[in-house]
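To start, the structure under review is shown below, and the notes come after it.
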Amino acid sequence: MIAELGLAALWLAAALSLLQLVSGALSVRTSGEAADEITGGALALIARPAAIMQGALAAFSFAMLLWLFVRTDLSVALVAANSHSAKPFIFKLAGTWGNHEGSMLLWVTVMALSGALIAGLERRLPERTMQAVLAAQGFVALGFYAFLLFSSNPFARLAVAVPEGLGLNPLLQDIGLAFHPPTLYIGYVGLSVAFSFAVGALLTRQVTPDFARAMRPWVLGAWIFLTAGIVAGSYWAYYELGWGGWWFWDPVENASLMPWLAATALLHSVSVLAQRDALRAWTMMLAVIAFSMSMVGTFLVRSGVLTSVHAFAVDPERGSFILALLAIYIGGALAVFAVRAGAINEGQRFNAVSREGALVFNNLMLTALLGIVLFGTLYPLLTEAFGVRVSVGPPYFNPVSAIFALPMVAIMAVGPLLRWRRDRLERSSKPLVLVGVIAIAALVTALALGAGMLSALGIGLAAGLAIGSFAPLAGRNILRVKLATWGMMVAHFGIAVALFGMASDSAFALERLASLRNGETTTVGPWSVRLDGVEPVAGPNWTAMEGRMAARYKAGEPVIAAPQARTFFAPVQETTESALITRWNGQLYAVLGRQTEPGVWQVRVWWKPFVTMIFLGGILVALGGLLALIGRLGVEARQRYIRRRIADRRADEEALA
Amino acid sequence: MSTLQPKHQRLVLGGLAAVLLIVAALVAAWALRSEASYFYLPGQMLSDPPEPGRNVRLGGMVREGSLDTEADGVTVTFLVDDGADATGQAVPVRYAGILPDLFVEGSGVVADGRLAADGTFVAETLLAKHDENYVPRELEEMTAAQARAVVADTETAPAQSANVP
């Protein structure tokens, strides 16, 4: 009964998205070109409630699926294929989205809820634009409902219930990965809102600073979640896979990086549009590209054209379905853009040396990076069409992305010091010289410590940016700096911290592979690691061999590291649980290998100086975004309050008079 | 740019963006030509070996009985063949590291590494059988019999610094 309720709710939600599309589109169409008011009558009244109901129904449907997973209802095909009664509760919950159908339902639910949120809360947009936005949102949602209902029904029943489920891929049975997909999806779907906004504004030709101010919180919100999701995914890969790496340029990682690059560019250009009324067409273009990238990512991950841990379904039908959606939405949006771009009049002018100039540079570099990553990710598909098999990996991505990323970081340190519209470099020469001197000092130090050129450049730029991010504070009353400005500074500082971690890890990480008997010691950098024994241990749905290692930093007290080699029984699979010892200046990373002969175990240890900075930096970036969002929303709330007070007072005065 | 009309400024910006993207595409194309690692089957590697030192991938079956651990306890050697017959030609592979969890003789493997001057393939990364949802696409090109064997018991997940998040 529960599965049927969920399915029924999903159909109803799909029907409402169609209604939302039709009513939104008609009420935009029936009004005059210049009119802000809707003349579509009753139709116009439907789109908002439809969007809200749609959100409620999709959420209800998702709640039903959650319930099925919690109860481990083995008459439902999806639960039987992806869950097991002996799984810990949290992974029963997470199993809901740890599979193709469930994750698509989550996607649609987040999308419907954000549509409901816009319909319920957004009051800044002109009503006609609002209707167009809701229509676009309904259109995008409709495609995904169709995808779910026609090719990925999560509620399908088995003819006969099975006695036990197949279980969840043990690699996904990790707290980091349990919450990583929802985080990323909120980011992806947030970009769909930006996309609908852009399409709506293009349709009604209302690309104005006010519109940009309405769109900005959505972009910012999506970007925060994308950032957090990428950092969580990277940390998961780092500790769960046991290879000591934190970024592998895997297609699935790239699928989340590409929308992030586009969203970062969009975030900056939408600010230019909001503050200075420039870059109108470019911003709309980026909004289309950003959502396109999350669609491309979905296609890559869900269609099975590229393989990866996350590519659950190898199903050509689904692949073509997503490809068709991709073509319709992106093609449609680009067509709207092509028709209307000319009609958006040009914005304000600006000088090359100005805040806008720096932001344009940032945008160009981010776009180039996006192109580089997209090209590298799709290249194997491309050559395969000609019968040549290639693999593209770090030897391509690392240096080529650095060519564009490093100059961008350099400009990041300078941009926030510049004034809007027009500036002279001489004006901010003092902080610039300081930033330059610190960068060069760090570069030289890194080279002297034996770092390679690329890593040393990274360290130098990171040091420069770390100072440069807070340079805008110079000569200002710290208490009066706006929260949004603090957000920007924290986010830029986070980039510096992360870059420092990346460069330090690639330049100074040490690795030792040894085969140890009980009591034997191996060393890596300043660490000595003694194997004290290997014991069998058991968890709720796994057993493991657990190593006991006493790790000493220089002559300090030993700390126990206990890496495991786990064997899950449903499904039968082995995973590596690394042991991490975190110090302020880095991490010791230990992995237990196999027994080579009785009593002799392979042990692999890394000393990774400042590797934690990568993830700390990522968290700071997301935190900076959050500060900016709170700051912006706070300012708006205050302005609304003041406006209401003024109106009230005026009304009082009139009443008195 | 200060003297430009808005329309011209937009043209200049568009032009800059186009030039930059072309540069990015050229850099990418150039880097891909020199850095993309190409995929070899054992037969190809023996008949037409890549130049020593170039980063390539080798995919095939681990020959039964060929896995050997050296005295240091961490370096392993094994033979990779095309799985068709157990006596034919095979590429010797050397790998120092922790073997992937489900690496076994007789199953499929994709090795990332370089051919040494002595004809041994020195692997930096091994991708081995992992779970039924994850098939190395590189192995799809093997013959039907090989493919059957591969599909029957080989799927993949990288052992160490490979292409998986």
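Ordering of the structure tokens sets the chain letters (A, B, ...); residue numbers start at 1 within each chain; ligands are numbered from 1 in the order shown.
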**OP:** For segment 126-131 of chain A, please output as a PyMOL selection string all residues within 6 Å (counting only C-alpha atoms; exclusion window: fewer than 2 positions along the same chain).
**Re:** chain A and resi 24+28+36+133-134+200-201+204
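Taking only C-alpha atoms, the non-local environment of Val433 of chain A within 12 Å (same-chain residues fewer than 5 positions away omitted) comprises Ala413, Val414, Leu425, Glu426, Arg427, Ser428, Ile438, Ala439, Ile440, Gly464, Ile467, Gly468 and Ala471 of chain A.
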Could you take the residues named above and write them with all heavy atoms, as an mmCIF file, in the first residue's frame?
data_model
loop_
_atom_site.group_PDB
_atom_site.id
_atom_site.type_symbol
_atom_site.label_atom_id
_atom_site.label_comp_id
_atom_site.auth_asym_id
_atom_site.auth_seq_id
_atom_site.Cartn_x
_atom_site.Cartn_y
_atom_site.Cartn_z
ATOM 1 N N ALA A 413 43.797 37.550 -5.706
ATOM 2 C CA ALA A 413 44.428 38.279 -4.615
ATOM 3 C C ALA A 413 44.319 39.783 -4.842
ATOM 4 O O ALA A 413 44.372 40.569 -3.901
ATOM 5 C CB ALA A 413 45.893 37.863 -4.482
ATOM 6 N N VAL A 414 44.166 40.184 -6.103
ATOM 7 C CA VAL A 414 44.186 41.607 -6.450
ATOM 8 C C VAL A 414 42.780 42.187 -6.600
ATOM 9 O O VAL A 414 42.496 43.292 -6.146
ATOM 10 C CB VAL A 414 44.968 41.806 -7.774
ATOM 11 C CG1 VAL A 414 44.986 43.266 -8.161
ATOM 12 C CG2 VAL A 414 46.377 41.263 -7.643
ATOM 13 N N LEU A 425 46.133 50.970 -10.777
ATOM 14 C CA LEU A 425 46.851 50.006 -9.947
ATOM 15 C C LEU A 425 47.681 50.718 -8.887
ATOM 16 O O LEU A 425 47.881 50.197 -7.787
ATOM 17 C CB LEU A 425 47.745 49.122 -10.803
ATOM 18 C CG LEU A 425 47.011 47.961 -11.491
ATOM 19 C CD1 LEU A 425 47.945 47.210 -12.410
ATOM 20 C CD2 LEU A 425 46.406 47.023 -10.459
ATOM 21 N N GLU A 426 48.167 51.963 -9.220
ATOM 22 C CA GLU A 426 49.009 52.683 -8.275
ATOM 23 C C GLU A 426 48.290 52.907 -6.949
ATOM 24 O O GLU A 426 48.895 52.946 -5.884
ATOM 25 C CB GLU A 426 49.421 54.069 -8.826
ATOM 26 C CG GLU A 426 50.135 54.044 -10.154
ATOM 27 C CD GLU A 426 49.151 54.078 -11.307
ATOM 28 O OE1 GLU A 426 48.725 52.984 -11.715
ATOM 29 O OE2 GLU A 426 48.824 55.163 -11.787
ATOM 30 N N ARG A 427 46.949 53.056 -7.029
ATOM 31 C CA ARG A 427 46.201 53.403 -5.833
ATOM 32 C C ARG A 427 46.356 52.337 -4.748
ATOM 33 O O ARG A 427 46.461 52.627 -3.569
ATOM 34 C CB ARG A 427 44.716 53.589 -6.167
ATOM 35 C CG ARG A 427 43.930 54.315 -5.098
ATOM 36 C CD ARG A 427 42.472 54.347 -5.462
ATOM 37 N NE ARG A 427 41.930 53.011 -5.664
ATOM 38 C CZ ARG A 427 41.529 52.219 -4.655
ATOM 39 N NH1 ARG A 427 41.611 52.637 -3.434
ATOM 40 N NH2 ARG A 427 41.061 51.020 -4.910
ATOM 41 N N SER A 428 46.334 51.051 -5.206
ATOM 42 C CA SER A 428 46.456 49.993 -4.199
ATOM 43 C C SER A 428 47.831 49.336 -4.279
ATOM 44 O O SER A 428 47.973 48.143 -4.074
ATOM 45 C CB SER A 428 45.345 48.968 -4.392
ATOM 46 O OG SER A 428 45.081 48.787 -5.757
ATOM 47 N N ILE A 438 55.254 38.532 -0.261
ATOM 48 C CA ILE A 438 54.956 37.321 0.502
ATOM 49 C C ILE A 438 54.870 36.110 -0.417
ATOM 50 O O ILE A 438 55.389 35.030 -0.107
ATOM 51 C CB ILE A 438 53.670 37.520 1.326
ATOM 52 C CG1 ILE A 438 54.004 38.414 2.515
ATOM 53 C CG2 ILE A 438 53.102 36.191 1.794
ATOM 54 C CD1 ILE A 438 52.859 38.829 3.330
ATOM 55 N N ALA A 439 54.252 36.317 -1.572
ATOM 56 C CA ALA A 439 54.125 35.201 -2.521
ATOM 57 C C ALA A 439 55.506 34.726 -2.960
ATOM 58 O O ALA A 439 55.787 33.519 -2.984
ATOM 59 C CB ALA A 439 53.288 35.630 -3.719
ATOM 60 N N ILE A 440 56.379 35.680 -3.287
ATOM 61 C CA ILE A 440 57.708 35.293 -3.776
ATOM 62 C C ILE A 440 58.517 34.629 -2.663
ATOM 63 O O ILE A 440 59.190 33.623 -2.886
ATOM 64 C CB ILE A 440 58.432 36.524 -4.355
ATOM 65 C CG1 ILE A 440 57.745 36.920 -5.670
ATOM 66 C CG2 ILE A 440 59.903 36.223 -4.604
ATOM 67 C CD1 ILE A 440 58.140 38.250 -6.213
ATOM 68 N N GLY A 464 50.296 34.382 -1.057
ATOM 69 C CA GLY A 464 49.899 35.712 -1.513
ATOM 70 C C GLY A 464 48.402 35.929 -1.351
ATOM 71 O O GLY A 464 47.947 36.956 -0.841
ATOM 72 N N ILE A 467 47.099 36.489 2.243
ATOM 73 C CA ILE A 467 47.227 37.886 2.688
ATOM 74 C C ILE A 467 46.256 38.765 1.914
ATOM 75 O O ILE A 467 45.517 39.577 2.491
ATOM 76 C CB ILE A 467 48.670 38.390 2.467
ATOM 77 C CG1 ILE A 467 49.659 37.495 3.210
ATOM 78 C CG2 ILE A 467 48.813 39.844 2.912
ATOM 79 C CD1 ILE A 467 49.449 37.458 4.693
ATOM 80 N N GLY A 468 46.242 38.548 0.577
ATOM 81 C CA GLY A 468 45.406 39.383 -0.286
ATOM 82 C C GLY A 468 43.936 39.300 0.069
ATOM 83 O O GLY A 468 43.199 40.275 -0.075
ATOM 84 N N ALA A 471 43.261 41.789 2.646
ATOM 85 C CA ALA A 471 43.772 43.139 2.383
ATOM 86 C C ALA A 471 42.662 44.185 2.306
ATOM 87 O O ALA A 471 42.877 45.327 2.699
ATOM 88 C CB ALA A 471 44.618 43.143 1.119
#
**OP:** Identify, on the basis of only C-alpha atoms, every residue whose closest approach to Arg517 of chain A does not exceed 12 Å; exclude the query and any residue fewer than 5 positions from it along the same chain; express the result as a VMD selection string.
**Re:** (chain A and resid 522 530 to 534 547 to 549 595 to 603) or (chain B and resid 73)
**OP:** Tell me which protein, DNA and RNA residues are within 9 Å of segment 87-102 of chain A, counting only C-alpha atoms, leaving out same-chain ones fewer than 5 positions away, and put them as a PyMOL selection string.
**Re:** chain A and resi 62+65-72+78-79+82+107+148+152-155+167-169+172-175+177-179+181-182+302+310-313+540-541+570
**OP:** Excluding Ser61 of chain A and any residue of its chain fewer than 2 positions from it, enumerate the residues within 9 Å of it, using only C-alpha atoms, and give them as a list in words.
**Re:**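 In the requested format, the answer is Ala3, Leu5, Gly6, Leu7, Ala8, Ala9, Leu10, Ala56, Leu57, Ala58, Ala59, Ala63, Met64, Leu65, Leu66, Leu105 and Thr109 of chain A.
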Quick one: write out the picked residues with N, CA and C atoms as a PDB file, in the first residue's frame?
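Produced file again23.pdb, reproduced below:
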ATOM      1  N   ALA A   3       3.941   1.663  -1.134  1.00  0.00           N
ATOM      2  CA  ALA A   3       4.558   1.882  -2.437  1.00  0.00           C
ATOM      3  C   ALA A   3       3.556   2.486  -3.409  1.00  0.00           C
ATOM      4  N   LEU A   5       0.902   4.287  -2.694  1.00  0.00           N
ATOM      5  CA  LEU A   5       0.664   5.683  -2.307  1.00  0.00           C
ATOM      6  C   LEU A   5       1.777   6.577  -2.858  1.00  0.00           C
ATOM      7  N   GLY A   6       3.016   6.126  -2.700  1.00  0.00           N
ATOM      8  CA  GLY A   6       4.153   6.899  -3.183  1.00  0.00           C
ATOM      9  C   GLY A   6       4.066   7.124  -4.684  1.00  0.00           C
ATOM     10  N   LEU A   7       3.709   6.054  -5.403  1.00  0.00           N
ATOM     11  CA  LEU A   7       3.626   6.147  -6.858  1.00  0.00           C
ATOM     12  C   LEU A   7       2.499   7.092  -7.271  1.00  0.00           C
ATOM     13  N   ALA A   8       1.366   6.969  -6.582  1.00  0.00           N
ATOM     14  CA  ALA A   8       0.219   7.835  -6.903  1.00  0.00           C
ATOM     15  C   ALA A   8       0.601   9.296  -6.688  1.00  0.00           C
ATOM     16  N   ALA A   9       1.289   9.579  -5.585  1.00  0.00           N
ATOM     17  CA  ALA A   9       1.707  10.952  -5.297  1.00  0.00           C
ATOM     18  C   ALA A   9       2.634  11.475  -6.390  1.00  0.00           C
ATOM     19  N   LEU A  10       3.479  10.577  -6.886  1.00  0.00           N
ATOM     20  CA  LEU A  10       4.425  10.964  -7.929  1.00  0.00           C
ATOM     21  C   LEU A  10       3.683  11.334  -9.221  1.00  0.00           C
ATOM     22  N   ALA A  56       4.871  19.461  -2.141  1.00  0.00           N
ATOM     23  CA  ALA A  56       4.369  18.641  -1.044  1.00  0.00           C
ATOM     24  C   ALA A  56       4.204  17.187  -1.490  1.00  0.00           C
ATOM     25  N   LEU A  57       3.672  16.993  -2.699  1.00  0.00           N
ATOM     26  CA  LEU A  57       3.427  15.627  -3.182  1.00  0.00           C
ATOM     27  C   LEU A  57       4.743  14.882  -3.422  1.00  0.00           C
ATOM     28  N   ALA A  58       5.712  15.564  -4.022  1.00  0.00           N
ATOM     29  CA  ALA A  58       6.996  14.902  -4.275  1.00  0.00           C
ATOM     30  C   ALA A  58       7.651  14.530  -2.943  1.00  0.00           C
ATOM     31  N   ALA A  59       7.564  15.441  -1.974  1.00  0.00           N
ATOM     32  CA  ALA A  59       8.147  15.154  -0.662  1.00  0.00           C
ATOM     33  C   ALA A  59       7.443  13.961  -0.020  1.00  0.00           C
ATOM     34  N   ALA A  63       9.082  10.474   1.051  1.00  0.00           N
ATOM     35  CA  ALA A  63       8.931   9.972   2.420  1.00  0.00           C
ATOM     36  C   ALA A  63       8.455   8.522   2.397  1.00  0.00           C
ATOM     37  N   MET A  64       7.555   8.188   1.435  1.00  0.00           N
ATOM     38  CA  MET A  64       7.079   6.808   1.325  1.00  0.00           C
ATOM     39  C   MET A  64       8.238   5.861   0.995  1.00  0.00           C
ATOM     40  N   LEU A  65       9.120   6.319   0.085  1.00  0.00           N
ATOM     41  CA  LEU A  65      10.255   5.454  -0.279  1.00  0.00           C
ATOM     42  C   LEU A  65      11.188   5.269   0.929  1.00  0.00           C
ATOM     43  N   LEU A  66      11.404   6.358   1.657  1.00  0.00           N
ATOM     44  CA  LEU A  66      12.217   6.272   2.884  1.00  0.00           C
ATOM     45  C   LEU A  66      11.625   5.227   3.826  1.00  0.00           C
ATOM     46  N   LEU A 105      14.646  10.085  -7.623  1.00  0.00           N
ATOM     47  CA  LEU A 105      13.472  10.584  -6.890  1.00  0.00           C
ATOM     48  C   LEU A 105      13.891  11.710  -5.940  1.00  0.00           C
ATOM     49  N   THR A 109      12.495  15.440  -5.976  1.00  0.00           N
ATOM     50  CA  THR A 109      11.911  15.985  -4.748  1.00  0.00           C
ATOM     51  C   THR A 109      12.555  17.321  -4.379  1.00  0.00           C
TER      52      THR A 109
END
Show me, as CSV, the residues of chain A having an atom within 6 Å of chain B, each with the closest atom pair and its distance in Å, using only C-alpha atoms.
residue,atom,partner,partner_atom,distance
A:Ala237,CA,B:Pro165,CA,5.1
A:Trp243,CA,B:Gln160,CA,4.5
A:Phe248,CA,B:Asn163,CA,5.4
A:Asp250,CA,B:Asn163,CA,4.8
A:Arg349,CA,B:Pro6,CA,5.5
A:Asn351,CA,B:Ser2,CA,4.9
A:Ala368,CA,B:Leu21,CA,5.6
A:Arg389,CA,B:Phe39,CA,5.8
A:Val390,CA,B:Tyr38,CA,4.5
A:Ser391,CA,B:Ser37,CA,5.2
A:Val392,CA,B:Ala36,CA,4.9
A:Pro395,CA,B:Glu35,CA,5.9
A:Tyr396,CA,B:Glu35,CA,5.5
A:Ser515,CA,B:Gly73,CA,5.3
A:Glu574,CA,B:Asp101,CA,5.9
A:Gly593,CA,B:Ile98,CA,5.5
Selection from above, N, CA, C and O atoms, as a short mmCIF file (atom, residue, chain, number, x, y, z; two decimals), in the first residue's frame, can you write it?
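In the end it all went to result01.cif:
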data_model
loop_
_atom_site.label_atom_id
_atom_site.label_comp_id
_atom_site.auth_asym_id
_atom_site.auth_seq_id
_atom_site.Cartn_x
_atom_site.Cartn_y
_atom_site.Cartn_z
N ALA A 237 36.65 9.92 -0.57
CA ALA A 237 37.57 9.19 -1.45
C ALA A 237 38.91 9.03 -0.76
O ALA A 237 39.56 7.99 -0.85
N TRP A 243 43.72 4.82 -0.84
CA TRP A 243 44.84 5.05 -1.76
C TRP A 243 45.58 6.33 -1.43
O TRP A 243 46.49 6.73 -2.14
N PHE A 248 40.86 12.34 -8.00
CA PHE A 248 41.36 11.39 -8.99
C PHE A 248 40.97 11.75 -10.42
O PHE A 248 41.23 11.01 -11.34
N ASP A 250 38.24 11.48 -11.67
CA ASP A 250 37.29 10.48 -12.13
C ASP A 250 36.12 11.21 -12.80
O ASP A 250 35.77 12.32 -12.40
N ARG A 349 29.33 50.46 -18.86
CA ARG A 349 30.71 50.23 -19.31
C ARG A 349 31.64 50.15 -18.11
O ARG A 349 31.32 50.61 -17.02
N ASN A 351 36.17 49.94 -17.07
CA ASN A 351 37.56 49.93 -17.47
C ASN A 351 38.15 48.54 -17.26
O ASN A 351 37.65 47.78 -16.45
N ALA A 368 37.39 28.69 -19.08
CA ALA A 368 38.45 27.91 -19.74
C ALA A 368 38.69 26.61 -18.98
O ALA A 368 38.81 25.53 -19.58
N ARG A 389 40.91 3.50 -27.99
CA ARG A 389 40.65 3.55 -26.57
C ARG A 389 41.75 4.31 -25.85
O ARG A 389 42.92 3.97 -25.98
N VAL A 390 41.38 5.32 -25.14
CA VAL A 390 42.37 6.07 -24.36
C VAL A 390 41.84 6.27 -22.96
O VAL A 390 40.65 6.14 -22.72
N SER A 391 42.74 6.53 -22.06
CA SER A 391 42.33 6.93 -20.72
C SER A 391 42.96 8.28 -20.46
O SER A 391 44.12 8.49 -20.77
N VAL A 392 42.17 9.19 -19.95
CA VAL A 392 42.71 10.51 -19.62
C VAL A 392 42.75 10.62 -18.11
O VAL A 392 41.77 10.34 -17.44
N PRO A 395 47.94 13.04 -15.50
CA PRO A 395 49.00 13.66 -16.31
C PRO A 395 48.47 14.73 -17.25
O PRO A 395 49.18 15.65 -17.62
N TYR A 396 47.20 14.60 -17.66
CA TYR A 396 46.58 15.64 -18.48
C TYR A 396 46.00 16.74 -17.60
O TYR A 396 46.32 17.91 -17.75
N SER A 515 56.64 -4.80 4.68
CA SER A 515 56.06 -6.07 5.07
C SER A 515 56.57 -6.34 6.49
O SER A 515 57.77 -6.48 6.70
N GLU A 574 35.14 -6.80 -0.05
CA GLU A 574 36.12 -6.32 0.91
C GLU A 574 36.35 -4.84 0.73
O GLU A 574 36.33 -4.34 -0.39
N GLY A 593 47.49 -4.15 4.52
CA GLY A 593 47.35 -4.95 3.30
C GLY A 593 47.04 -6.39 3.63
O GLY A 593 46.38 -6.69 4.62
#
Subject >> 6 Å contact set for Val109 of chain B, only C-alpha atoms, chain neighbours under 5 positions out, as a count of residues only >> reply: 5
